[in-house]
>>> print(open('coords_32.cif').read())   # mmCIF, C-alpha atoms
data_target
#
loop_
_atom_site.label_atom_id
_atom_site.label_comp_id
_atom_site.auth_asym_id
_atom_site.auth_seq_id
_atom_site.Cartn_x
_atom_site.Cartn_y
_atom_site.Cartn_z
CA MET B 930 0.00 0.00 0.00
CA ARG B 931 1.33 3.41 -0.96
CA TYR B 932 1.95 5.99 1.75
CA ARG B 933 2.05 3.26 4.39
CA ARG B 934 4.59 5.09 6.54
CA PRO B 935 2.77 8.45 6.98
CA ARG B 936 -0.53 6.66 7.52
CA ALA B 937 1.02 4.46 10.18
CA VAL B 938 2.35 7.60 11.88
CA GLY B 939 -1.13 9.16 11.79
CA VAL B 940 -2.81 6.06 13.19
CA VAL B 941 -0.24 5.82 15.99
CA ALA B 942 -1.14 9.37 17.08
CA ILE B 943 -4.84 8.46 17.29
CA VAL B 944 -4.15 5.21 19.15
CA LEU B 945 -1.91 6.97 21.68
CA ALA B 946 -4.61 9.60 22.29
CA GLY B 947 -7.14 6.86 22.95
CA LEU B 948 -4.78 4.96 25.25
CA ALA B 949 -4.03 8.13 27.20
CA SER B 950 -7.76 8.56 27.85
CA VAL B 951 -8.08 4.95 29.02
CA VAL B 952 -5.10 5.21 31.38
CA VAL B 953 -6.17 8.44 33.10
CA TYR B 954 -9.93 7.97 32.86
CA PRO B 955 -10.46 7.02 36.54
CA GLU B 956 -8.67 10.23 37.61
CA LEU B 957 -10.68 12.59 35.43
CA PRO B 958 -13.41 14.77 36.98
CA ALA B 959 -17.09 14.06 36.34
CA ARG B 960 -17.27 17.28 34.29
CA MET B 961 -14.26 17.98 32.12
CA ALA B 962 -13.12 21.39 30.89
CA THR B 963 -12.95 21.05 27.11
CA HIS B 964 -13.03 24.60 25.75
CA TRP B 965 -11.34 27.86 26.68
CA GLY B 966 -12.10 31.43 25.65
CA ALA B 967 -9.61 33.92 24.27
CA SER B 968 -8.83 35.01 27.84
CA GLY B 969 -7.85 31.47 28.80
CA GLU B 970 -10.88 30.93 31.02
CA VAL B 971 -12.88 27.71 30.73
CA ASP B 972 -16.14 28.33 28.86
CA GLY B 973 -17.16 24.80 27.89
CA THR B 974 -17.38 21.43 29.63
CA MET B 975 -18.36 17.84 28.81
CA SER B 976 -19.10 14.73 30.79
CA ARG B 977 -16.09 12.59 31.63
CA LEU B 978 -16.90 9.98 28.98
CA ALA B 979 -17.55 12.55 26.23
CA GLY B 980 -14.48 14.59 27.16
CA ALA B 981 -12.22 11.55 27.17
CA LEU B 982 -13.48 10.28 23.82
CA PHE B 983 -14.05 13.51 21.91
CA PHE B 984 -10.60 14.16 20.44
CA PRO B 985 -9.77 10.52 19.62
CA MET B 986 -13.12 10.10 17.83
CA PHE B 987 -12.86 13.52 16.19
CA SER B 988 -9.37 12.61 14.97
CA ILE B 989 -10.67 9.42 13.35
CA GLY B 990 -13.33 11.39 11.48
CA ILE B 991 -10.94 14.12 10.34
CA TYR B 992 -8.30 11.62 9.24
CA ALA B 993 -10.86 9.68 7.21
CA VAL B 994 -11.93 12.88 5.43
CA LEU B 995 -8.32 13.88 4.73
CA LEU B 996 -7.48 10.48 3.27
CA VAL B 997 -10.60 10.24 1.12
CA ALA B 998 -10.55 13.84 -0.18
CA PRO B 999 -7.79 13.37 -2.83
CA ARG B 1000 -9.85 10.62 -4.47
CA LEU B 1001 -12.70 13.06 -5.05
CA ASP B 1002 -10.63 15.67 -6.87
CA SER B 1003 -10.83 15.67 -10.66
CA ASP B 1004 -7.18 16.79 -10.92
CA LYS B 1005 -5.81 13.48 -9.63
CA GLN B 1006 -2.58 13.80 -11.62
CA ASN B 1007 -1.80 17.16 -10.02
CA ILE B 1008 -2.57 15.85 -6.55
CA GLU B 1009 -0.29 12.86 -7.04
CA SER B 1010 2.58 15.27 -7.77
CA PHE B 1011 2.53 16.37 -4.11
CA ARG B 1012 0.61 13.48 -2.54
CA GLY B 1013 3.52 12.47 -0.34
CA ALA B 1014 3.65 15.92 1.27
CA TYR B 1015 -0.13 15.87 1.68
CA GLU B 1016 -0.07 12.46 3.41
CA TRP B 1017 2.58 13.64 5.88
CA PHE B 1018 0.60 16.82 6.53
CA ALA B 1019 -2.51 14.74 7.27
CA ALA B 1020 -0.50 12.56 9.65
CA GLY B 1021 0.92 15.66 11.32
CA MET B 1022 -2.60 16.96 11.92
CA MET B 1023 -3.35 13.81 13.90
CA TRP B 1024 -0.37 14.53 16.13
CA PHE B 1025 -1.55 18.10 16.57
CA LEU B 1026 -5.01 16.89 17.63
CA GLY B 1027 -3.31 14.39 19.92
CA TYR B 1028 -1.29 17.23 21.41
CA VAL B 1029 -4.45 19.24 22.07
CA HIS B 1030 -6.06 16.16 23.61
CA GLY B 1031 -3.06 15.75 25.88
CA LEU B 1032 -3.40 19.35 27.06
CA VAL B 1033 -7.09 18.78 27.81
CA LEU B 1034 -6.30 15.68 29.85
CA LEU B 1035 -3.50 17.41 31.76
CA TRP B 1036 -5.70 20.40 32.55
CA ASN B 1037 -8.38 18.15 33.98
CA LEU B 1038 -5.79 16.25 35.99
CA GLY B 1039 -4.70 19.51 37.65
CA VAL B 1040 -1.70 20.47 35.49
CA ARG B 1041 -2.81 23.87 34.25
CA PRO B 1042 -0.40 26.00 32.20
CA PRO B 1043 -1.80 29.07 30.39
CA ILE B 1044 -3.78 27.35 27.66
CA GLY B 1045 -2.94 29.93 24.97
CA ALA B 1046 0.78 29.61 25.56
CA ALA B 1047 0.53 25.82 25.70
CA LEU B 1048 -1.24 25.73 22.33
CA ALA B 1049 1.20 28.12 20.67
CA PRO B 1050 3.85 25.54 19.64
CA GLY B 1051 1.25 23.23 18.14
CA LEU B 1052 -0.48 25.98 16.20
CA ALA B 1053 2.88 27.31 15.02
CA ALA B 1054 3.76 23.85 13.69
CA VAL B 1055 0.42 23.55 11.85
CA LEU B 1056 0.81 26.94 10.20
CA TYR B 1057 4.39 26.27 9.16
CA ALA B 1058 3.47 22.82 7.81
CA SER B 1059 0.56 24.38 5.90
CA GLY B 1060 3.04 26.73 4.26
CA ALA B 1061 5.28 23.82 3.31
CA LEU B 1062 2.30 22.00 1.79
CA VAL B 1063 0.94 24.85 -0.35
CA GLU B 1064 4.46 25.52 -1.56
CA ARG B 1065 4.38 22.12 -3.31
CA ALA B 1066 0.72 22.06 -4.31
CA GLU B 1067 -0.18 21.96 -7.98
CA PRO B 1068 -3.63 23.26 -9.07
CA ASN B 1069 -6.33 21.20 -7.35
CA TRP B 1070 -9.48 21.52 -5.23
CA ILE B 1071 -8.10 20.05 -2.00
CA ALA B 1072 -4.98 21.92 -0.90
CA GLY B 1073 -3.57 25.35 -1.64
CA VAL B 1074 -4.96 28.84 -2.16
CA ARG B 1075 -8.12 28.31 -4.20
CA THR B 1076 -9.53 31.63 -5.33
CA PRO B 1077 -11.40 32.13 -8.63
CA TRP B 1078 -8.20 33.63 -10.04
CA THR B 1079 -5.77 30.90 -9.01
CA LEU B 1080 -8.12 28.20 -10.28
CA ASP B 1081 -8.46 29.95 -13.63
CA ASP B 1082 -4.76 30.37 -14.33
CA ASP B 1083 -1.92 27.99 -13.47
CA THR B 1084 0.67 30.77 -13.42
CA VAL B 1085 -1.40 32.76 -10.94
CA TRP B 1086 -1.78 29.58 -8.87
CA GLU B 1087 1.96 29.08 -8.73
CA ARG B 1088 2.79 32.70 -7.86
CA THR B 1089 0.01 33.00 -5.28
CA ASN B 1090 0.80 29.75 -3.50
CA ARG B 1091 4.49 30.64 -3.40
CA ARG B 1092 3.54 33.85 -1.58
CA ALA B 1093 1.08 31.96 0.61
CA ALA B 1094 3.81 29.52 1.65
CA LEU B 1095 5.97 32.37 2.92
CA ALA B 1096 3.02 34.08 4.64
CA LEU B 1097 1.94 30.91 6.43
CA LYS B 1098 5.45 30.05 7.55
CA LEU B 1099 5.88 33.57 8.89
CA ALA B 1100 2.52 33.29 10.68
CA GLY B 1101 3.78 30.07 12.24
CA VAL B 1102 6.90 31.78 13.54
CA LEU B 1103 4.89 34.69 14.90
CA ALA B 1104 2.50 32.28 16.66
CA LEU B 1105 5.37 31.34 18.95
CA GLY B 1106 5.06 34.82 20.42
CA GLY B 1107 2.24 33.36 22.48
CA LEU B 1108 4.86 31.61 24.59
CA ALA B 1109 6.27 34.93 25.70
CA PHE B 1110 2.93 36.71 26.06
CA PRO B 1111 0.40 34.10 27.22
CA GLU B 1112 -2.23 36.72 28.10
CA VAL B 1113 -2.61 37.63 24.42
CA ALA B 1114 -1.45 34.34 22.87
CA THR B 1115 -4.57 34.15 20.70
CA LEU B 1116 -3.67 37.40 18.97
CA PHE B 1117 -0.31 35.99 17.90
CA VAL B 1118 -2.21 33.37 15.91
CA VAL B 1119 -5.38 35.11 14.76
CA VAL B 1120 -3.89 38.41 13.60
CA PRO B 1121 -1.08 36.94 11.41
CA VAL B 1122 -3.49 34.42 9.87
CA LEU B 1123 -6.08 37.08 9.03
CA LEU B 1124 -3.44 39.37 7.58
CA ALA B 1125 -1.97 36.52 5.54
CA ALA B 1126 -5.39 35.53 4.21
CA ALA B 1127 -6.24 39.10 3.22
CA TYR B 1128 -2.86 39.65 1.58
CA ILE B 1129 -2.95 36.40 -0.40
CA THR B 1130 -6.52 36.97 -1.61
CA VAL B 1131 -5.70 40.46 -2.86
CA TYR B 1132 -2.42 39.27 -4.35
CA SER B 1133 -4.14 36.52 -6.34
CA LEU B 1134 -6.50 39.09 -7.90
CA VAL B 1135 -3.67 41.50 -8.70
CA ALA B 1136 -1.54 38.69 -10.17
CA TYR B 1137 -4.48 37.54 -12.29
CA ARG B 1138 -5.09 40.99 -13.69
CA ARG B 1139 -1.41 41.44 -14.48
CA GLN B 1140 -1.33 38.06 -16.17
CA ARG B 1141 -4.28 39.03 -18.36
CA THR B 1142 -2.67 42.31 -19.45
CA THR B 1143 0.72 40.85 -20.44
#
>>> encode(input="coords_32.cif", output="structure tokens")
Amino acid sequence: MRYRRPRAVGVVAIVLAGLASVVVYPELPARMATHWGASGEVDGTMSRLAGALFFPMFSIGIYAVLLVAPRLDSDKQNIESFRGAYEWFAAGMMWFLGYVHGLVLLWNLGVRPPIGAALAPGLAAVLYASGALVERAEPNWIAGVRTPWTLDDDTVWERTNRRAALALKLAGVLALGGLAFPEVATLFVVVPVLLAAAYITVYSLVAYRRQRTT
């Protein structure tokens, strides 16, 4: 089977998340904190069973979608050109979800670091990995910057996704600022991502217009 190694890595992350829940389950509170607001205060809870199972089950669903999605794209040849990178990205997402699950379990076991700062490394890794993925992506409907202009012109796709790769990697680096400033850790993720999205959308339109006038 192709891509056996990244898929094994992804499955291991899900299995470890499930095993962690089983091991600590007796020590978890009857109501588990499972969601935090921008200020770091708990604003959502679940029962112990739901809280222990949520991320492992959610990970299974997300991984299934990620693995099936390339088969649904009409540009299968383009997807295959960067399929290896996509498979590793999908596996990495399972480890990110496992990391979040671990933080949830630790919090409910009484180990309570500032949640924004604790999430910062994981979010930084996801953003940087997203940049690495779009850098390799050929025109498709699954991964990359898909605006009307990039999908209409392969040259615009290439230029836009090259810019997007740099913007996402930079956003990932900036997200680490949440470690130093846990009180506003969310801003170090949200603001760079919003700015990157706005810049890339406008750039794709400008690049498209330039392409049409040359």
>>> residues_around(input="coords_32.cif", residues="region 1080-1091 of chain B", least_positions_apart="6", cutoff="10 Å", atoms="only C-alpha atoms", output="ChimeraX atom specification")
/B:1060-1070,1073-1074,1128-1141
>>> atom_distance(input="coords_32.cif", atom1="CA of Glu1009 (chain B)", atom2="CA of Gly939 (chain B)")
19.2 Å
>>> closest_residue(input="coords_32.cif", among="B:Arg1012, B:Val1122, B:Gly1101, B:Lys1005", to="Arg931 (chain B)", atoms="only C-alpha atoms")
B:Arg1012
>>> closest_atom_pairs(input="coords_32.cif", of="region 1021-1132 of chain B", to="region 949-961 of chain B", cutoff="12 Å", atoms="all atoms listed in the file", output="Markdown table")
| residue | atom | partner | partner_atom | distance |
| --- | --- | --- | --- | --- |
| B:Gly1027 | CA | B:Ala949 | CA | 9.6 |
| B:Tyr1028 | CA | B:Ala949 | CA | 11.1 |
| B:His1030 | CA | B:Ser950 | CA | 8.9 |
| B:Gly1031 | CA | B:Ala949 | CA | 7.8 |
| B:Leu1032 | CA | B:Ala949 | CA | 11.2 |
| B:Val1033 | CA | B:Met961 | CA | 8.4 |
| B:Leu1034 | CA | B:Ser950 | CA | 7.5 |
| B:Leu1035 | CA | B:Leu957 | CA | 9.4 |
| B:Trp1036 | CA | B:Met961 | CA | 8.9 |
| B:Asn1037 | CA | B:Met961 | CA | 6.2 |
| B:Leu1038 | CA | B:Leu957 | CA | 6.1 |
| B:Gly1039 | CA | B:Leu957 | CA | 9.4 |
| B:Val1040 | CA | B:Leu957 | CA | 11.9 |
>>> resolve_selection(input="coords_32.cif", expression="the PyMOL selection byres ((chain B and resi 1105) around 8)", output="list of chain:residue names")
B:Ala1049, B:Pro1050, B:Ala1053, B:Gly1101, B:Val1102, B:Leu1103, B:Ala1104, B:Gly1106, B:Gly1107, B:Leu1108, B:Ala1109, B:Phe1117
>>> closest_residue(input="coords_32.cif", among="B:Ala1047, B:Met1023, B:Val944, B:Val1119", to="Ser988 (chain B)", atoms="all atoms listed in the file")
B:Met1023
>>> closest_residue(input="coords_32.cif", among="B:Ala979, B:Val1029, B:Val1055, B:Ala1072", to="Val1118 (chain B)", atoms="all atoms listed in the file")
B:Val1055
>>> atom_distance(input="coords_32.cif", atom1="CA of Ala967 (chain B)", atom2="CA of Ala1046 (chain B)")
11.3 Å
>>> resolve_selection(input="coords_32.cif", expression="the PyMOL selection byres ((chain B and resi 932) around 12)", output="PyMOL selection string")
chain B and resi 930-931+933-939+996+1009+1011-1020
>>> write_last_selection(input="coords_32.cif", atoms="C-alpha atoms", output="PDB file, in the coordinates of the input")
ATOM      1  CA  MET B 930       0.000   0.000   0.000  1.00  0.00           C
ATOM      2  CA  ARG B 931       1.330   3.410  -0.960  1.00  0.00           C
ATOM      3  CA  ARG B 933       2.050   3.260   4.390  1.00  0.00           C
ATOM      4  CA  ARG B 934       4.590   5.090   6.540  1.00  0.00           C
ATOM      5  CA  PRO B 935       2.770   8.450   6.980  1.00  0.00           C
ATOM      6  CA  ARG B 936      -0.530   6.660   7.520  1.00  0.00           C
ATOM      7  CA  ALA B 937       1.020   4.460  10.180  1.00  0.00           C
ATOM      8  CA  VAL B 938       2.350   7.600  11.880  1.00  0.00           C
ATOM      9  CA  GLY B 939      -1.130   9.160  11.790  1.00  0.00           C
ATOM     10  CA  LEU B 996      -7.480  10.480   3.270  1.00  0.00           C
ATOM     11  CA  GLU B1009      -0.290  12.860  -7.040  1.00  0.00           C
ATOM     12  CA  PHE B1011       2.530  16.370  -4.110  1.00  0.00           C
ATOM     13  CA  ARG B1012       0.610  13.480  -2.540  1.00  0.00           C
ATOM     14  CA  GLY B1013       3.520  12.470  -0.340  1.00  0.00           C
ATOM     15  CA  ALA B1014       3.650  15.920   1.270  1.00  0.00           C
ATOM     16  CA  TYR B1015      -0.130  15.870   1.680  1.00  0.00           C
ATOM     17  CA  GLU B1016      -0.070  12.460   3.410  1.00  0.00           C
ATOM     18  CA  TRP B1017       2.580  13.640   5.880  1.00  0.00           C
ATOM     19  CA  PHE B1018       0.600  16.820   6.530  1.00  0.00           C
ATOM     20  CA  ALA B1019      -2.510  14.740   7.270  1.00  0.00           C
ATOM     21  CA  ALA B1020      -0.500  12.560   9.650  1.00  0.00           C
TER      22      ALA B1020
END
